[in-house]
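What follows is the content of data-v3.cif (mmCIF, C-alpha atoms).
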data_work
#
loop_
_atom_site.label_atom_id
_atom_site.label_comp_id
_atom_site.auth_asym_id
_atom_site.auth_seq_id
_atom_site.Cartn_x
_atom_site.Cartn_y
_atom_site.Cartn_z
CA MET A 1 0.86 14.59 33.96
CA ILE A 2 -1.32 12.78 31.42
CA LEU A 3 1.25 13.08 28.62
CA THR A 4 4.06 12.22 31.01
CA GLU A 5 2.10 9.08 31.90
CA LEU A 6 1.98 8.13 28.22
CA CYS A 7 5.39 9.42 27.11
CA ASP A 8 6.50 5.97 25.92
CA PHE A 9 3.57 5.84 23.50
CA VAL A 10 3.76 9.38 22.04
CA PRO A 11 5.79 9.52 18.79
CA HIS A 12 8.72 11.92 18.85
CA GLY A 13 7.67 15.39 17.71
CA TYR A 14 4.03 14.27 17.50
CA PHE A 15 2.47 17.52 18.73
CA GLU A 16 4.78 19.61 16.53
CA SER A 17 3.50 17.95 13.36
CA GLU A 18 1.55 20.11 10.92
CA VAL A 19 -2.17 19.52 10.31
CA GLU A 20 -3.06 21.81 7.41
CA ARG A 21 -6.83 21.39 7.59
CA PHE A 22 -6.93 23.09 11.02
CA LYS A 23 -5.23 26.31 9.88
CA LEU A 24 -8.00 28.90 9.94
CA HIS A 25 -8.12 31.94 7.69
CA ASP A 26 -6.12 34.88 8.99
CA GLY A 27 -9.19 37.09 8.58
CA ILE A 28 -10.78 35.46 11.62
CA LYS A 29 -9.93 37.27 14.84
CA ASN A 30 -7.70 35.09 17.07
CA SER A 31 -7.35 32.60 14.20
CA GLY A 32 -3.86 31.63 15.37
CA HIS A 33 -5.12 30.65 18.82
CA PHE A 34 -8.10 28.73 17.45
CA SER A 35 -5.90 26.95 14.90
CA ARG A 36 -3.44 25.84 17.58
CA GLU A 37 -6.25 24.60 19.81
CA LEU A 38 -7.90 22.72 16.93
CA LYS A 39 -4.60 21.09 15.99
CA TRP A 40 -3.69 20.12 19.55
CA GLY A 41 -7.20 18.85 20.23
CA TYR A 42 -7.26 16.74 17.08
CA LEU A 43 -3.80 15.26 17.72
CA ALA A 44 -4.50 14.59 21.41
CA GLY A 45 -7.95 13.12 20.77
CA ASP A 46 -6.74 10.93 17.92
CA LEU A 47 -3.75 9.65 19.87
CA GLY A 48 -5.89 8.95 22.95
CA ARG A 49 -8.49 7.16 20.81
CA LYS A 50 -5.93 4.95 19.11
CA LEU A 51 -4.21 4.07 22.38
CA PHE A 52 -7.50 3.43 24.18
CA PHE A 53 -9.24 1.42 21.46
CA GLU A 54 -6.55 0.03 19.17
CA SER A 55 -3.21 -0.30 20.92
CA THR A 56 -1.78 -3.76 21.50
CA ALA A 57 1.01 -2.36 23.67
CA ILE A 58 1.21 -3.55 27.26
CA MET A 59 -0.11 -0.76 29.50
CA SER A 60 -1.01 -0.52 33.15
CA ALA A 61 -4.60 0.16 34.16
CA ARG A 62 -3.44 3.65 35.15
CA GLN A 63 -2.05 4.26 31.65
CA VAL A 64 -5.22 2.96 29.96
CA SER A 65 -7.24 5.35 32.10
CA ALA A 66 -4.88 8.19 31.10
CA CYS A 67 -5.57 7.34 27.43
CA GLU A 68 -9.29 7.86 28.01
CA VAL A 69 -8.63 11.23 29.67
CA LEU A 70 -6.39 12.33 26.79
CA MET A 71 -8.99 11.30 24.20
CA ASN A 72 -11.73 13.29 25.91
CA LEU A 73 -9.49 16.31 26.56
CA GLY A 74 -8.61 16.41 22.89
CA MET A 75 -12.23 16.26 21.79
CA LEU A 76 -13.18 19.05 24.21
CA ALA A 77 -10.28 21.28 23.09
CA CYS A 78 -11.27 20.81 19.45
CA THR A 79 -14.92 21.53 20.14
CA GLU A 80 -14.22 24.63 22.24
CA ALA A 81 -11.94 25.99 19.53
CA ALA A 82 -14.58 25.29 16.88
CA GLN A 83 -17.17 27.06 18.98
CA GLY A 84 -14.87 30.05 19.47
CA ALA A 85 -14.14 30.30 15.75
CA THR A 86 -17.78 29.98 14.66
CA THR A 87 -18.88 32.50 17.29
CA GLN A 88 -16.31 34.95 15.97
CA LEU A 89 -17.42 34.35 12.38
CA SER A 90 -21.03 35.02 13.35
CA LYS A 91 -20.11 38.26 15.15
CA ASP A 92 -18.03 39.45 12.19
CA ALA A 93 -20.88 38.68 9.78
CA GLU A 94 -23.33 40.61 11.97
CA VAL A 95 -21.05 43.67 11.99
CA LYS A 96 -20.77 43.53 8.21
CA GLY A 97 -24.48 42.94 7.73
CA VAL A 98 -24.03 39.67 5.81
CA SER A 99 -25.12 36.06 6.36
CA ASP A 100 -22.97 34.07 8.79
CA GLY A 101 -23.49 30.87 6.78
CA ASN A 102 -25.04 29.12 9.77
CA ALA A 103 -21.96 29.75 11.93
CA GLY A 104 -24.05 31.14 14.79
CA ALA A 105 -26.32 28.08 14.88
CA VAL A 106 -23.30 25.78 14.89
CA ALA A 107 -21.70 27.75 17.73
CA LYS A 108 -24.91 27.54 19.75
CA GLN A 109 -25.21 23.78 19.26
CA LEU A 110 -21.60 23.25 20.25
CA GLY A 111 -22.04 25.40 23.35
CA ASP A 112 -25.43 24.08 24.43
CA GLN A 113 -25.00 20.39 23.62
CA ASN A 114 -21.53 19.17 22.74
CA ILE A 115 -19.34 21.07 25.20
CA PRO A 116 -21.43 20.18 28.30
CA THR A 117 -21.46 16.51 27.24
CA LEU A 118 -17.72 16.42 26.65
CA SER A 119 -17.07 18.25 29.93
CA ASN A 120 -19.03 15.60 31.80
CA ASN A 121 -17.12 12.88 29.96
CA ILE A 122 -13.82 14.40 31.07
CA ARG A 123 -14.95 14.62 34.68
CA SER A 124 -15.94 10.94 34.61
CA ALA A 125 -12.66 9.92 32.96
CA LEU A 126 -10.65 12.01 35.43
CA LYS A 127 -12.46 10.52 38.41
CA GLN A 128 -11.53 7.06 37.14
CA TYR A 129 -7.90 8.12 36.56
CA LEU A 130 -7.53 9.66 40.03
CA ARG A 131 -8.28 6.30 41.62
CA TYR A 132 -4.88 5.12 40.42
CA LEU A 133 -3.00 8.10 41.88
CA THR A 134 -1.55 8.63 45.31
CA PRO A 135 -3.11 11.42 47.41
CA ILE A 136 -0.18 13.74 46.59
CA GLU A 137 -0.45 13.03 42.85
CA ALA A 138 -4.21 13.54 42.90
CA GLU A 139 -4.16 16.82 44.85
CA PRO A 140 -3.75 19.19 41.84
CA PHE A 141 -6.85 17.68 40.23
CA LEU A 142 -9.16 17.87 43.24
CA PRO A 143 -10.35 21.48 42.69
CA LEU A 144 -12.03 20.21 39.50
CA PHE A 145 -14.37 18.19 41.67
CA ASP A 146 -15.29 20.72 44.33
CA SER A 147 -18.97 20.07 43.65
CA LEU A 148 -18.52 16.31 44.02
CA SER A 149 -17.38 13.99 46.76
CA THR A 150 -13.62 13.65 47.05
CA PRO A 151 -12.60 10.94 44.54
CA GLN A 152 -11.09 7.75 45.83
CA VAL A 153 -7.36 7.44 45.42
CA GLN A 154 -4.88 4.59 45.47
CA GLY A 155 -5.75 1.88 47.95
CA ALA A 156 -9.49 2.52 47.84
CA THR A 157 -12.01 0.22 46.19
CA PRO A 158 -12.66 1.36 42.60
CA MET A 159 -16.19 2.59 41.99
CA THR A 160 -18.18 1.04 39.17
CA HIS A 161 -18.43 3.13 36.02
CA ILE A 162 -21.74 4.96 36.30
CA ASN A 163 -24.39 4.88 33.60
CA ASN A 164 -28.11 4.31 34.19
CA PHE A 165 -30.47 3.63 31.30
CA TYR A 166 -34.27 3.70 31.34
CA GLY A 167 -36.80 2.13 28.98
CA ASN A 168 -35.18 -0.13 26.44
CA VAL A 169 -32.15 2.06 26.79
CA GLY A 170 -33.52 5.50 27.50
CA SER A 171 -31.88 8.63 28.78
CA VAL A 172 -28.49 8.50 30.44
CA GLN A 173 -27.88 9.60 34.01
CA THR A 174 -24.76 9.35 36.14
CA GLY A 175 -24.58 8.35 39.78
CA ALA A 176 -22.76 6.06 42.17
CA ASN A 177 -22.68 2.25 42.05
CA ALA A 178 -24.65 1.81 38.84
CA VAL A 179 -23.81 -0.61 36.07
CA ALA A 180 -24.07 0.18 32.37
CA ASN A 181 -26.40 -2.16 30.51
CA VAL A 182 -26.97 -0.55 27.14
CA VAL A 183 -26.48 -3.33 24.65
CA GLN A 184 -27.04 -6.24 27.02
CA ASN A 185 -30.62 -5.02 27.52
CA LEU A 186 -31.38 -5.02 23.80
CA ASP A 187 -33.06 -8.07 22.33
CA ALA A 188 -31.92 -9.77 19.12
CA ASN A 189 -34.19 -7.68 16.89
CA GLU A 190 -32.98 -4.41 18.44
CA ARG A 191 -29.36 -5.43 18.04
CA THR A 192 -30.07 -6.25 14.42
CA SER A 193 -31.66 -2.82 13.95
CA LEU A 194 -28.58 -1.09 15.36
CA ALA A 195 -26.26 -3.18 13.20
CA THR A 196 -28.40 -2.47 10.13
CA ALA A 197 -28.35 1.29 10.83
CA LEU A 198 -24.56 1.22 11.19
CA GLN A 199 -24.23 -0.79 7.96
CA GLN A 200 -26.37 1.74 6.08
CA PHE A 201 -24.20 4.52 7.46
CA LYS A 202 -21.05 2.68 6.32
CA GLU A 203 -22.48 2.26 2.83
CA ALA A 204 -23.39 5.96 2.61
CA ILE A 205 -19.93 7.01 3.79
CA GLY A 206 -18.31 4.56 1.39
CA ILE A 207 -19.78 6.29 -1.66
CA GLU A 208 -19.81 9.93 -0.46
CA PRO A 209 -17.65 11.66 -3.13
CA SER A 210 -16.74 14.76 -1.13
CA LEU A 211 -14.94 12.88 1.65
CA THR A 212 -11.17 12.57 1.53
CA GLU A 213 -9.82 9.06 1.76
CA SER A 214 -8.44 9.71 5.24
CA GLN A 215 -11.83 11.02 6.44
CA ARG A 216 -13.62 8.04 4.90
CA ARG A 217 -11.18 5.56 6.42
CA GLU A 218 -11.43 7.12 9.89
CA LEU A 219 -15.25 7.08 9.87
CA LEU A 220 -15.41 3.51 8.57
CA GLU A 221 -12.92 2.28 11.17
CA ILE A 222 -14.89 3.80 14.08
CA THR A 223 -18.19 2.50 12.68
CA GLN A 224 -16.76 -1.01 12.32
CA ARG A 225 -15.66 -1.01 15.96
CA CYS A 226 -19.16 0.04 17.02
CA THR A 227 -20.60 -2.82 14.97
CA SER A 228 -18.18 -5.32 16.51
CA GLN A 229 -19.08 -4.21 20.04
CA ILE A 230 -22.81 -4.47 19.37
CA GLY A 231 -22.36 -8.00 18.04
CA SER A 232 -20.18 -9.11 20.94
CA GLU A 233 -21.54 -11.58 23.49
CA SER A 234 -20.23 -9.30 26.26
CA PRO A 235 -20.13 -5.79 24.83
CA ASN A 236 -18.05 -3.22 26.68
CA ASP A 237 -20.60 -0.46 27.29
CA THR A 238 -18.08 2.13 28.36
CA LYS A 239 -16.05 1.71 25.19
CA LEU A 240 -19.21 1.54 23.07
CA LEU A 241 -20.52 4.84 24.45
CA ASP A 242 -17.10 6.43 23.96
CA MET A 243 -16.99 5.14 20.38
CA PHE A 244 -20.45 6.56 19.63
CA ASN A 245 -19.26 9.88 21.06
CA VAL A 246 -16.04 9.81 19.01
CA LEU A 247 -18.08 9.02 15.89
CA GLY A 248 -20.44 11.94 16.53
CA ILE A 249 -17.68 14.45 17.29
CA THR A 250 -15.66 13.36 14.25
CA ILE A 251 -18.65 13.83 11.97
CA GLN A 252 -19.34 17.31 13.40
CA SER A 253 -16.28 18.54 11.46
CA ILE A 254 -17.24 16.85 8.17
CA ALA A 255 -20.24 18.63 6.69
CA SER A 256 -20.67 16.15 3.82
CA ALA A 257 -21.16 13.28 6.28
CA GLN A 258 -24.07 14.96 8.07
CA PRO A 259 -26.97 13.57 5.96
CA ALA A 260 -25.88 9.96 6.49
CA TYR A 261 -25.28 10.64 10.18
CA GLN A 262 -28.77 12.08 10.67
CA VAL A 263 -30.25 8.82 9.36
CA LEU A 264 -28.10 6.91 11.83
CA LYS A 265 -29.16 9.20 14.71
CA THR A 266 -32.83 8.70 13.88
CA ALA A 267 -32.48 4.91 13.84
CA PHE A 268 -30.68 4.91 17.19
CA LEU A 269 -33.12 7.36 18.76
CA ALA A 270 -35.97 4.91 18.08
CA LEU A 271 -34.18 2.52 20.48
CA GLY A 272 -33.57 5.20 23.08
CA ILE A 273 -29.92 5.91 22.23
CA THR A 274 -29.12 9.58 21.70
CA LEU A 275 -25.99 10.16 19.65
CA PRO A 276 -24.02 13.45 19.92
#
As structure tokens, how would this structure be written, given the file I've shared?
Amino acid sequence: MILTELCDFVPHGYFESEVERFKLHDGIKNSGHFSRELKWGYLAGDLGRKLFFESTAIMSARQVSACEVLMNLGMLACTEAAQGATTQLSKDAEVKGVSDGNAGAVAKQLGDQNIPTLSNNIRSALKQYLRYLTPIEAEPFLPLFDSLSTPQVQGATPMTHINNFYGNVGSVQTGANAVANVVQNLDANERTSLATALQQFKEAIGIEPSLTESQRRELLEITQRCTSQIGSESPNDTKLLDMFNVLGITIQSIASAQPAYQVLKTAFLALGITLP
């Protein structure tokens, strides 16, 4: 339904296009499956991100919400495939009695940290999307929320996006009728610190020789949008949090960007913001 919702904005043959960097070595068990999932996840996440953050096309609120769902679904699919592939690599290395090259540690981090976070993001995005559907349209999605209250559907009052922050910003919790106040709660000095950390990250990415130009451009574009939101008089917290998440997930697949990203994470953590 999500892609049907956005059919006017999906280029013809988009999901049939080849993405060479996601073709895994045939020596990995189930490499074909993991490669397909990585490719679909990347294409879906990238399309959803561009439509949600960049598109100037006229879309309904329902379509905008579908873009957010597609972006998060893509990121989850990519991450689950990466976890499956790294888990398999670690198992194969163990059987052969050789080093797994840190594959097992990566698989554990993806499973313990990234996948639960992305799963929660999808549930939140889906709950928002279901509010624009009729009861009949929403019915196939409801089993996903059997541990939650039945989501509101068309005709009901939309519920505020839910993010609570403690301390200056602090840890994030979700719950009903809360309002996100991440950047609005930061004073001028704290905003400057965030902007400075992002600028340092941009400079490091700009000179990192092992990045391809497309990787560099993608990271710089996302970072610039984060900077613009932080400097806005009325920052959109939902988009800002999504952008931070997109930035973190994108960097997970680019090993050479990790050192610069760790510096950025440390600077943000001092202000209570935990990046992926």
Quiz item: Distance atom CA of A:Lys91-atom CA of A:Ala105, one decimal place?
Solution: 11.9 Å
Practice problem: Give me the result of the PyMOL selection byres ((chain A and resi 15) around 8) on this file, residue by residue, as a ChimeraX atom specification. | Solution: /A:13-14,16-17,40,43
Practice problem: To one decimal in Å, tell me the separation between atom CA of A:Lys23 and atom CA of A:Lys39. | Solution: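 Between atom CA of A:Lys23 and atom CA of A:Lys39 the gap is 8.1 Å.
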Self-check item: Atomic distance atom CA of A:Lys202 - atom CA of A:Gln229, expressed in Å with one decimal
Solution: 15.5 Å
Determine the residue membership of the PyMOL selection byres ((chain A and resi 72-79) around 6) for the file above and supply it as a PDB file with C-alpha atoms, in the frame of the given file.
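What ended up in result14.pdb:
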ATOM      1  CA  LEU A  38      -7.900  22.720  16.930  1.00  0.00           C
ATOM      2  CA  GLY A  41      -7.200  18.850  20.230  1.00  0.00           C
ATOM      3  CA  TYR A  42      -7.260  16.740  17.080  1.00  0.00           C
ATOM      4  CA  ALA A  44      -4.500  14.590  21.410  1.00  0.00           C
ATOM      5  CA  GLY A  45      -7.950  13.120  20.770  1.00  0.00           C
ATOM      6  CA  VAL A  69      -8.630  11.230  29.670  1.00  0.00           C
ATOM      7  CA  LEU A  70      -6.390  12.330  26.790  1.00  0.00           C
ATOM      8  CA  MET A  71      -8.990  11.300  24.200  1.00  0.00           C
ATOM      9  CA  GLU A  80     -14.220  24.630  22.240  1.00  0.00           C
ATOM     10  CA  ALA A  81     -11.940  25.990  19.530  1.00  0.00           C
ATOM     11  CA  ALA A  82     -14.580  25.290  16.880  1.00  0.00           C
ATOM     12  CA  LEU A 118     -17.720  16.420  26.650  1.00  0.00           C
ATOM     13  CA  ILE A 122     -13.820  14.400  31.070  1.00  0.00           C
TER      14      ILE A 122
END
Practice problem: Specify as a ChimeraX atom specification each residue included when the PyMOL selection byres ((chain A and resi 223) around 9) is applied to this file. | Solution: /A:198-199,201-202,218-222,224-228,243-244,247
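Distances from A:Ser124, A:Asn102, A:Ser35, A:Thr212 to A:Thr86 were compared using only C-alpha atoms, and the smallest one belongs to A:Asn102.
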Quiz item: Using all atoms listed in the file, which residues sit within 8 Å of A:Leu6 once same-chain residues fewer than 5 positions away are excluded, as a list in words?
Solution: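 Residues near the query, excluding close chain neighbours: Gln63, Ala66 and Cys67 of chain A.
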Exercise. Counting all atoms listed in the file, figure out which residue out of A:Leu110, A:Leu211, A:Ser232, A:Asn189 gets nearest to A:Ala85.
Key: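 Using all atoms listed in the file, A:Ala85 sits closest to A:Leu110.
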Quiz item: Once you count all atoms listed in the file, which residues end up no further than 12 Å from (-8.1, 38.4, 18.5) in the file's frame, shown as a ChimeraX atom specification?
Solution: /A:26-34,84-85,88-89,92
